[in-house]
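A.B. asks: Structure: input-v7.cif, mmCIF, C-alpha atoms and all ligand atoms.
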data_target
#
loop_
_atom_site.label_atom_id
_atom_site.label_comp_id
_atom_site.auth_asym_id
_atom_site.auth_seq_id
_atom_site.Cartn_x
_atom_site.Cartn_y
_atom_site.Cartn_z
CA MET A 1 14.18 2.48 -17.61
CA PRO A 2 16.74 0.91 -15.26
CA MET A 3 15.35 -1.00 -12.29
CA THR A 4 17.51 -1.74 -9.29
CA GLN A 5 17.07 -5.28 -8.04
CA GLY A 6 15.07 -5.00 -4.86
CA LEU A 7 13.11 -7.16 -2.45
CA LEU A 8 10.02 -6.50 -4.55
CA THR A 9 10.20 -5.56 -8.20
CA ILE A 10 7.02 -4.55 -9.96
CA ASP A 11 7.75 -4.48 -13.67
CA ASP A 12 5.30 -2.78 -16.03
CA ILE A 13 2.35 -4.44 -14.33
CA ARG A 14 -1.06 -4.13 -15.98
CA VAL A 15 -4.37 -5.00 -14.35
CA SER A 16 -7.63 -5.07 -16.24
CA SER A 17 -11.32 -5.56 -15.67
CA ALA A 18 -13.49 -7.06 -18.38
CA ARG A 19 -13.92 -3.58 -19.80
CA HIS A 20 -10.98 -1.35 -18.85
CA GLU A 21 -7.34 -1.34 -17.95
CA ILE A 22 -7.09 -0.07 -14.36
CA VAL A 23 -3.35 -0.29 -13.71
CA LYS A 24 -1.68 0.68 -16.96
CA GLY A 25 1.93 -0.41 -16.71
CA VAL A 26 3.47 0.48 -13.32
CA SER A 27 7.12 -0.24 -12.45
CA LEU A 28 8.72 0.23 -9.07
CA SER A 29 11.21 -1.49 -6.85
CA ILE A 30 11.43 -1.74 -3.06
CA GLY A 31 14.60 -2.63 -1.20
CA GLN A 32 14.93 -4.60 2.01
CA GLY A 33 13.73 -2.56 4.97
CA GLU A 34 12.70 0.34 2.75
CA ILE A 35 9.50 2.29 3.32
CA TYR A 36 7.91 3.20 0.01
CA GLY A 37 4.94 5.57 0.06
CA LEU A 38 2.33 5.60 -2.66
CA ALA A 39 0.10 8.64 -3.11
CA GLY A 40 -2.65 9.62 -5.51
CA GLU A 41 -6.31 10.55 -5.55
CA SER A 42 -9.13 8.10 -5.06
CA GLY A 43 -9.65 5.70 -7.96
CA CYS A 44 -6.17 5.95 -9.47
CA GLY A 45 -5.45 2.24 -8.88
CA LYS A 46 -3.40 2.16 -5.67
CA SER A 47 -5.35 -0.65 -3.99
CA THR A 48 -5.54 -2.58 -7.24
CA LEU A 49 -1.75 -2.39 -7.56
CA LEU A 50 -1.24 -3.70 -4.00
CA LYS A 51 -3.79 -6.47 -4.46
CA SER A 52 -2.09 -7.56 -7.67
CA VAL A 53 1.12 -8.09 -5.68
CA THR A 54 -0.63 -10.18 -3.02
CA ARG A 55 -2.61 -11.96 -5.73
CA LEU A 56 -5.80 -10.98 -3.93
CA LEU A 57 -7.50 -9.14 -6.79
CA PRO A 58 -11.30 -9.12 -6.55
CA PRO A 59 -13.22 -11.26 -9.01
CA GLY A 60 -13.35 -9.52 -12.34
CA LEU A 61 -9.86 -8.04 -12.17
CA ARG A 62 -6.77 -9.79 -13.44
CA VAL A 63 -3.14 -9.15 -14.23
CA VAL A 64 -2.84 -8.94 -18.01
CA GLY A 65 0.81 -8.01 -18.38
CA GLY A 66 4.11 -7.31 -16.71
CA GLY A 67 6.02 -9.09 -13.96
CA LEU A 68 6.19 -9.34 -10.17
CA ALA A 69 9.33 -10.59 -8.45
CA PHE A 70 9.60 -10.98 -4.68
CA ASP A 71 13.05 -11.92 -3.43
CA GLY A 72 13.75 -13.74 -6.69
CA ILE A 73 10.38 -15.51 -6.74
CA ASP A 74 8.18 -14.95 -9.78
CA LEU A 75 4.87 -14.23 -8.05
CA LEU A 76 2.82 -14.54 -11.23
CA ALA A 77 4.13 -18.05 -11.86
CA LEU A 78 3.62 -19.22 -8.28
CA PRO A 79 0.80 -21.76 -7.83
CA PRO A 80 -1.99 -20.63 -5.45
CA GLU A 81 -0.74 -22.89 -2.64
CA GLY A 82 2.77 -21.41 -2.85
CA MET A 83 1.30 -17.94 -2.86
CA ARG A 84 -0.80 -18.75 0.21
CA ARG A 85 2.28 -19.92 2.07
CA LEU A 86 4.18 -16.76 1.15
CA ARG A 87 1.31 -14.47 1.98
CA GLY A 88 0.84 -14.00 5.67
CA ARG A 89 4.36 -15.16 6.43
CA ARG A 90 6.88 -13.30 4.25
CA LEU A 91 4.55 -10.85 2.57
CA THR A 92 1.50 -9.50 4.35
CA PHE A 93 -1.33 -7.17 3.51
CA VAL A 94 -3.08 -4.59 5.70
CA SER A 95 -6.44 -3.92 4.10
CA GLN A 96 -7.98 -0.47 3.74
CA ASN A 97 -11.07 -1.96 5.29
CA ALA A 98 -10.74 -3.60 8.72
CA VAL A 99 -14.42 -4.50 8.76
CA GLU A 100 -13.97 -6.58 5.62
CA ALA A 101 -10.67 -8.10 6.70
CA LEU A 102 -11.73 -9.34 10.15
CA ASN A 103 -14.32 -12.00 10.79
CA ASP A 104 -16.92 -10.84 13.31
CA SER A 105 -17.77 -14.38 14.37
CA ARG A 106 -14.23 -15.11 15.61
CA THR A 107 -12.26 -13.53 18.40
CA VAL A 108 -9.12 -11.50 17.78
CA GLY A 109 -7.17 -14.31 19.44
CA ALA A 110 -8.63 -16.81 16.96
CA HIS A 111 -7.41 -14.59 14.11
CA PHE A 112 -3.89 -14.63 15.55
CA LEU A 113 -3.99 -18.39 16.12
CA GLU A 114 -5.10 -19.00 12.56
CA THR A 115 -2.36 -16.82 11.08
CA MET A 116 0.39 -18.19 13.29
CA ARG A 117 -0.56 -21.86 13.11
CA SER A 118 -1.08 -21.90 9.36
CA HIS A 119 2.53 -20.78 8.93
CA GLY A 120 4.34 -22.88 11.46
CA ARG A 121 4.07 -25.34 14.32
CA ILE A 122 3.33 -23.38 17.44
CA GLY A 123 1.28 -24.25 20.50
CA ARG A 124 -1.85 -22.32 21.31
CA LYS A 125 -0.49 -20.90 24.54
CA GLU A 126 2.80 -19.79 23.01
CA ALA A 127 1.02 -18.23 20.00
CA LEU A 128 -1.29 -16.22 22.23
CA ARG A 129 1.65 -15.18 24.39
CA GLN A 130 3.51 -13.86 21.33
CA ALA A 131 0.38 -12.10 20.05
CA ALA A 132 -0.13 -10.42 23.43
CA GLU A 133 3.51 -9.37 23.52
CA LEU A 134 3.28 -7.79 20.06
CA MET A 135 0.09 -5.96 20.97
CA ALA A 136 1.67 -4.68 24.16
CA SER A 137 4.57 -3.36 22.05
CA LEU A 138 1.94 -1.59 19.95
CA ASP A 139 0.83 0.09 23.17
CA LEU A 140 -2.50 -1.69 23.11
CA SER A 141 -3.41 -1.83 26.75
CA ASP A 142 -4.93 -5.01 28.10
CA PRO A 143 -3.96 -7.35 25.23
CA GLY A 144 -5.67 -10.25 27.01
CA ARG A 145 -9.01 -8.51 26.81
CA ILE A 146 -8.50 -7.59 23.14
CA LEU A 147 -7.53 -11.18 22.25
CA ALA A 148 -10.73 -12.41 23.89
CA SER A 149 -12.88 -9.82 22.10
CA TYR A 150 -14.78 -10.11 18.85
CA PRO A 151 -14.04 -7.43 16.22
CA PHE A 152 -17.53 -5.94 16.55
CA GLU A 153 -16.85 -5.30 20.23
CA LEU A 154 -13.85 -3.09 19.41
CA SER A 155 -13.62 0.41 17.93
CA GLY A 156 -12.69 0.92 14.28
CA GLY A 157 -9.31 2.30 15.33
CA MET A 158 -8.64 -0.70 17.54
CA ASN A 159 -9.56 -3.12 14.75
CA GLN A 160 -7.25 -1.31 12.36
CA ARG A 161 -4.40 -1.69 14.85
CA VAL A 162 -5.26 -5.36 15.29
CA LEU A 163 -4.93 -5.72 11.50
CA ILE A 164 -1.50 -4.10 11.60
CA ALA A 165 -0.45 -6.40 14.44
CA LEU A 166 -1.72 -9.42 12.46
CA ALA A 167 0.37 -8.27 9.50
CA MET A 168 3.48 -7.99 11.69
CA VAL A 169 3.20 -11.09 13.85
CA MET A 170 5.00 -13.41 11.42
CA LYS A 171 7.84 -10.87 11.06
CA PRO A 172 7.34 -10.59 7.31
CA ASP A 173 9.92 -9.19 4.89
CA LEU A 174 7.35 -6.95 3.25
CA ILE A 175 4.13 -5.38 4.47
CA LEU A 176 1.72 -3.94 1.92
CA ALA A 177 -0.34 -1.43 3.85
CA ASP A 178 -3.35 0.10 2.13
CA GLU A 179 -4.38 3.30 3.95
CA PRO A 180 -3.58 1.66 7.29
CA THR A 181 -4.23 4.83 9.26
CA SER A 182 -6.91 6.70 7.37
CA ALA A 183 -9.75 5.37 9.53
CA LEU A 184 -8.07 6.70 12.65
CA ASP A 185 -8.29 10.13 14.20
CA ALA A 186 -5.22 12.33 13.95
CA ALA A 187 -3.73 11.53 17.37
CA VAL A 188 -4.11 7.75 17.00
CA GLN A 189 -2.88 8.04 13.41
CA ALA A 190 0.38 9.61 14.56
CA GLN A 191 0.74 6.92 17.22
CA VAL A 192 0.15 4.07 14.78
CA VAL A 193 2.65 5.57 12.33
CA ALA A 194 5.21 5.71 15.14
CA GLU A 195 4.41 2.09 16.03
CA MET A 196 4.88 0.91 12.45
CA MET A 197 8.20 2.73 12.28
CA GLY A 198 9.28 1.08 15.53
CA LEU A 199 8.32 -2.36 14.26
CA ARG A 200 10.22 -1.69 11.04
CA GLU A 201 13.32 -0.92 13.11
CA ARG A 202 12.91 -4.09 15.13
CA TYR A 203 12.16 -6.52 12.31
CA ARG A 204 13.66 -4.73 9.28
CA ALA A 205 10.43 -5.20 7.35
CA ALA A 206 10.01 -3.27 4.13
CA ILE A 207 6.69 -1.42 3.90
CA LEU A 208 4.76 -0.34 0.82
CA ILE A 209 2.26 2.11 2.26
CA VAL A 210 -0.62 3.77 0.44
CA SER A 211 -1.93 6.98 1.92
CA HIS A 212 -3.98 9.94 0.85
CA ASN A 213 -2.12 11.81 3.50
CA LEU A 214 1.16 13.15 2.13
CA GLY A 215 1.99 14.24 5.66
CA VAL A 216 2.00 10.58 6.76
CA LEU A 217 4.18 9.63 3.78
CA ALA A 218 6.53 12.56 4.37
CA HIS A 219 7.02 11.31 7.90
CA MET A 220 7.39 7.59 7.17
CA ALA A 221 8.65 6.92 3.69
CA GLU A 222 12.13 7.04 2.18
CA THR A 223 10.80 6.82 -1.35
CA ILE A 224 7.57 8.22 -2.74
CA GLY A 225 5.61 7.22 -5.82
CA VAL A 226 2.66 9.18 -7.17
CA MET A 227 -0.08 7.46 -9.16
CA TYR A 228 -2.56 9.08 -11.50
CA ALA A 229 -5.11 7.33 -13.70
CA GLY A 230 -3.48 3.91 -13.37
CA LEU A 231 0.02 5.22 -14.05
CA LEU A 232 3.00 6.01 -11.88
CA VAL A 233 3.65 9.63 -12.85
CA GLU A 234 6.52 10.36 -10.46
CA ARG A 235 8.85 8.50 -8.15
CA GLY A 236 12.03 9.19 -6.26
CA PRO A 237 13.58 9.92 -2.88
CA LYS A 238 11.11 11.62 -0.56
CA GLY A 239 13.17 14.82 -0.28
CA LEU A 240 13.21 15.30 -4.04
CA VAL A 241 9.62 14.30 -4.79
CA LEU A 242 8.23 16.53 -2.04
CA GLY A 243 10.91 19.23 -2.20
CA LEU A 244 11.39 19.52 -5.97
CA PRO A 245 8.35 17.78 -7.48
CA GLY A 246 8.80 17.09 -11.18
CA HIS A 247 5.15 16.55 -12.06
CA PRO A 248 2.41 19.21 -11.90
CA TYR A 249 0.11 16.58 -10.39
CA THR A 250 2.52 16.05 -7.49
CA ARG A 251 2.67 19.81 -6.99
CA ALA A 252 -1.13 19.88 -6.86
CA LEU A 253 -1.21 17.05 -4.30
CA ILE A 254 1.32 18.88 -2.14
CA ALA A 255 -0.70 22.08 -2.34
CA ALA A 256 -3.70 20.07 -1.14
CA VAL A 257 -1.93 18.70 1.92
CA PRO A 258 -3.72 20.93 4.44
CA ASP A 259 -6.91 19.00 3.61
CA LEU A 260 -5.28 15.74 4.72
CA ASP A 261 -8.08 13.74 3.16
CA GLY A 262 -7.10 13.42 -0.47
CA ASN A 263 -9.46 16.20 -1.35
CA MET A 264 -7.82 18.31 -4.04
CA ARG A 265 -10.68 20.57 -5.02
CA ASP A 266 -8.89 23.65 -3.75
CA SER A 267 -5.68 23.15 -5.68
CA VAL A 268 -6.68 21.66 -9.00
CA GLN A 269 -9.89 21.75 -10.97
CA GLY A 270 -11.88 18.70 -11.96
CA SER A 271 -11.52 15.09 -10.94
CA PRO A 272 -9.40 12.17 -12.13
CA PRO A 273 -10.60 10.34 -15.24
CA SER A 274 -12.57 7.13 -14.88
CA PRO A 275 -10.83 3.96 -16.11
CA GLY A 276 -12.87 3.98 -19.32
CA GLU A 277 -11.57 7.33 -20.54
CA VAL A 278 -8.85 7.05 -23.13
CA PHE A 279 -6.24 9.75 -23.66
CA PRO A 280 -3.99 10.10 -26.66
CA GLY A 281 -1.63 12.21 -24.55
CA CYS A 282 -1.03 12.81 -20.85
CA PRO A 283 -4.06 11.81 -18.75
CA PHE A 284 -3.46 14.80 -16.46
CA ALA A 285 -3.38 17.32 -19.34
CA PRO A 286 -7.09 18.27 -19.09
CA ARG A 287 -6.56 19.41 -15.47
CA CYS A 288 -2.98 20.59 -15.76
CA PRO A 289 -2.28 24.29 -15.21
CA GLU A 290 1.04 23.89 -17.06
CA ALA A 291 -0.09 21.86 -20.09
CA LEU A 292 1.77 22.39 -23.37
CA ALA A 293 0.50 21.68 -26.87
CA ALA A 294 2.40 18.35 -26.92
CA CYS A 295 0.61 17.12 -23.78
CA ALA A 296 -2.67 16.47 -25.56
CA GLY A 297 -1.03 14.39 -28.28
CA THR A 298 1.78 12.25 -26.90
CA PRO A 299 1.82 10.32 -23.59
CA PRO A 300 4.88 11.35 -21.56
CA ALA A 301 7.19 8.53 -20.44
CA LEU A 302 8.94 8.57 -17.07
CA ARG A 303 12.25 10.31 -17.45
CA GLN A 304 14.99 11.12 -15.01
CA VAL A 305 14.77 14.59 -13.49
CA GLY A 306 17.21 14.10 -10.61
CA ASP A 307 19.22 11.50 -8.74
CA GLY A 308 16.89 8.47 -8.62
CA HIS A 309 14.06 10.87 -9.36
CA TRP A 310 11.72 10.27 -12.30
CA ALA A 311 8.69 12.14 -13.63
CA ALA A 312 6.37 11.55 -16.57
CA CYS A 313 5.83 15.09 -17.79
CA HIS A 314 6.72 16.75 -21.08
CA ALA A 315 7.53 19.96 -19.24
CA ALA A 316 9.68 18.37 -16.49
N1 LIG B 401 -13.65 -5.40 -9.07
C1 LIG B 401 -13.59 -4.34 -9.89
N2 LIG B 401 -14.16 -4.37 -11.12
C2 LIG B 401 -14.10 -3.30 -11.95
N3 LIG B 401 -13.48 -2.15 -11.64
C3 LIG B 401 -12.91 -2.05 -10.44
C4 LIG B 401 -12.92 -3.13 -9.48
N4 LIG B 401 -12.27 -2.74 -8.39
C5 LIG B 401 -11.86 -1.47 -8.60
N5 LIG B 401 -12.23 -1.06 -9.83
C6 LIG B 401 -11.98 0.27 -10.44
O1 LIG B 401 -10.58 0.45 -10.50
C7 LIG B 401 -10.24 1.81 -10.28
C8 LIG B 401 -9.15 1.88 -9.26
O2 LIG B 401 -9.63 1.45 -8.02
P1 LIG B 401 -8.70 1.32 -6.74
O3 LIG B 401 -9.54 0.83 -5.63
O4 LIG B 401 -7.48 0.55 -7.08
O5 LIG B 401 -8.30 2.85 -6.50
P2 LIG B 401 -7.55 3.52 -5.27
O6 LIG B 401 -6.47 4.36 -5.83
O7 LIG B 401 -7.17 2.49 -4.27
O8 LIG B 401 -8.68 4.47 -4.67
P3 LIG B 401 -8.99 4.86 -3.13
O9 LIG B 401 -8.00 5.92 -2.80
O10 LIG B 401 -10.39 5.38 -3.19
O11 LIG B 401 -8.86 3.64 -2.30
C9 LIG B 401 -11.53 2.51 -9.86
O12 LIG B 401 -12.01 3.25 -10.94
C10 LIG B 401 -12.46 1.38 -9.52
O13 LIG B 401 -13.79 1.73 -9.85
MG MG B 402 -7.70 2.13 -2.37
#
I'd like the structure from this file rewritten - as structure tokens, please.
Ligand SMILES: Nc1ncnc2c1ncn2[C@@H]1O[C@H](COP(=O)(O)OP(=O)(O)OP(=O)(O)O)[C@@H](O)[C@H]1O
Ligand SMILES: [Mg+2]

C.D. replies:
Amino acid sequence: MPMTQGLLTIDDIRVSSARHEIVKGVSLSIGQGEIYGLAGESGCGKSTLLKSVTRLLPPGLRVVGGGLAFDGIDLLALPPEGMRRLRGRRLTFVSQNAVEALNDSRTVGAHFLETMRSHGRIGRKEALRQAAELMASLDLSDPGRILASYPFELSGGMNQRVLIALAMVMKPDLILADEPTSALDAAVQAQVVAEMMGLRERYRAAILIVSHNLGVLAHMAETIGVMYAGLLVERGPKGLVLGLPGHPYTRALIAAVPDLDGNMRDSVQGSPPSPGEVFPGCPFAPRCPEALAACAGTPPALRQVGDGHWAACHAA
């Protein structure tokens, strides 16, 4: 399938544990300044895909095939030191889990100092001034107090926003954001989404954002990809994917939107397969209300269903 050359090109990437393939050949491309939204139920491999790009896969998981190119750099060939320099400066990651990502024994200010000083020569005072300025632009009141606080002294929502600020402070070209707002209540969620959009305008950062919440993606993203069972089953411009979905799974996700929590029980029966389950045909066929005879036998490849719009469905 044709891939446009983007800032980040993920080409047929495969990630495996010792026992199962978890990401089973995903291709997508993100342009400069683009916001790309990734949806899909729990366990379909979204976090694993993002972590493969940052080369931060947990022990036991590894990339077993495919390619990753960031601005012409082959990420899979980059030595760890080169990757470390890239990560945090040009390509940053907002973890799904602020508790895991922040160190409770160090202040928020120390986190900023570490990030900023490991990627450039900057004095302590100037670094803290820039961090405070960024946090003020994120509407975090009293940045001085937050910088002096330890993560355990702050609310979960505040820590999540600190993580986003840490990911933005080096003005990266690409931010990989894994459920950056799902820990927040609805009002704060909307505010943080608006803040991320504002920062994108200011710094022209591209954002690959994972969210269970299609409403968040509908608001933020230009392009949407839908993952199911380790595969990208649909991708395209937001208006087409949400307005004229080509895959029955996408239609089911859209029907589930009122839940806003990734819970699809009302719109489609059953649950996604576990990584160990092997399908001769389409992995969604057992749950699909529109399955044809062919769906059980042959895996559907992504094919074009509209302008820049692709879906992996025999019936599309
Ligand atoms: N370290 C690991 N070793 C083995 N399997 C793993 C490991 N980490 C994740 N998995 C498995 O990989 C699959 C995909 O997990 P992943 O966290 O990428 O899903 P996800 O789409 O991000 O889900 P969620 O929406 O719940 O965050 C899951 O079945 C999970 O159990
Ligand atoms: Mg995840």

A.B. asks: What does the structure give for the distance between CA of Ala177 in chain A and atom O11 of ligand LIG 401 (chain B), in Å to one decimal?

C.D. replies: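 So the answer is 11.7 Å.
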
A.B. asks: How would you write, as a ChimeraX atom specification, the set of residues no farther than 9 Å from ligand LIG 401 (chain B) when counting all atoms listed in the file?

C.D. replies: /A:16-23,39-51,57-61,96,178-179,210-212,227-230,262,273-276

A.B. asks: Which residue gives the smallest distance to Gly37 in chain A among A:Ala127, A:Met220, A:Ala98, A:Leu76, with all atoms listed in the file counted?

C.D. replies: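 Comparing A:Ala127, A:Met220, A:Ala98, A:Leu76 against Gly37 in chain A, the winner is A:Met220.
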
A.B. asks: Give me the residues within 12 Å of range 114-126 of chain A as a ChimeraX atom specification, counting only C-alpha atoms and dropping any in the same chain fewer than 3 places off.

C.D. replies: /A:82,84-92,102-103,106-111,129-133,163,165-172

A.B. asks: Of the candidates A:Pro299, A:Pro180, A:Gly215, A:Pro280, which one gets nearest to ligand MG 402 (chain B) if we count all atoms listed in the file?

C.D. replies: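 Smallest separation from ligand MG 402 (chain B) among the options: A:Pro180.
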
A.B. asks: Edge lengths and centre, in Å to one decimal, as AutoDock Vina command-line options: that's what I need for the box along x, y and z that holds all listed atoms of range 119-127 of chain A plus 8 Å on each side.

C.D. replies:
--center_x 1.2 --center_y -21.8 --center_z 16.7 --size_x 22.2 --size_y 23.1 --size_z 31.6

A.B. asks: Please indicate the distance in Å from CA of Ala183 in chain A to CA of Glu153 in chain A, rounded to one decimal place.

C.D. replies: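 Interatomic distance, CA of Ala183 in chain A to CA of Glu153 in chain A: 16.7 Å.
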
A.B. asks: I'd like to know which of A:Val94, A:Leu214, A:Ile164, A:Gly198 is closest to ligand MG 402 (chain B), using all atoms listed in the file.

C.D. replies: A:Val94

A.B. asks: Rank nothing, just name the residue among A:Leu38, A:Leu231, A:Pro80, A:Phe152 nearest to ligand MG 402 (chain B), using only C-alpha atoms and all ligand atoms.

C.D. replies: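 Counting only C-alpha atoms and all ligand atoms, the residue closest to ligand MG 402 (chain B) is A:Leu38.
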
A.B. asks: Looking at all atoms listed in the file, which of A:Leu176, A:Glu81, A:Gly144, A:Ile73 is the one that sits closest to ligand MG 402 (chain B)?

C.D. replies: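 Closest candidate: A:Leu176.
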
A.B. asks: What does the distance between CA of Gly157 in chain A and CA of Leu56 in chain A come to in Å, to one decimal place?

C.D. replies: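 Interatomic distance, CA of Gly157 in chain A to CA of Leu56 in chain A: 23.7 Å.
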
A.B. asks: Which one is closest to ligand MG 402 (chain B): A:Pro143, A:Asn97, A:Tyr150, A:Arg200? Count all atoms listed in the file.

C.D. replies: A:Asn97

A.B. asks: Can you list every residue of range 187-267 of chain A that has an atom at most 8 Å from range 29-32 of chain A, with its nearest atom pair and the distance in Å to one decimal, using all atoms listed in the file, ordered by chain then number, as JSON lines?

C.D. replies:
{"residue": "A:Arg204", "atom": "CA", "partner": "A:Gln32", "partner_atom": "CA", "distance": 7.4}
{"residue": "A:Ala205", "atom": "CA", "partner": "A:Gln32", "partner_atom": "CA", "distance": 7.0}
{"residue": "A:Ala206", "atom": "CA", "partner": "A:Gln32", "partner_atom": "CA", "distance": 5.5}
{"residue": "A:Leu208", "atom": "CA", "partner": "A:Ile30", "partner_atom": "CA", "distance": 7.8}

A.B. asks: Can you tell me, as an NGL selection string, what residues are no more than 12 Å from Val305 in chain A when counting all atoms listed in the file, ignoring any on the same chain fewer than 5 positions away?

C.D. replies: :A and (234-237 or 240-241 or 244-247 or 310-316)

A.B. asks: If we count all atoms listed in the file and set the cut-off at 6 Å, which residues sit around range 293-297 of chain A, ignoring sequence neighbours fewer than 2 positions away in its own chain? Please answer as a count of residues only.

C.D. replies: 4

A.B. asks: Near Lys238 in chain A, counting all atoms listed in the file, which residues have an atom at most 8 Å away, once you skip same-chain residues fewer than 2 positions from it, shown as a PyMOL selection string?

C.D. replies: chain A and resi 218+221-224+236+240-243
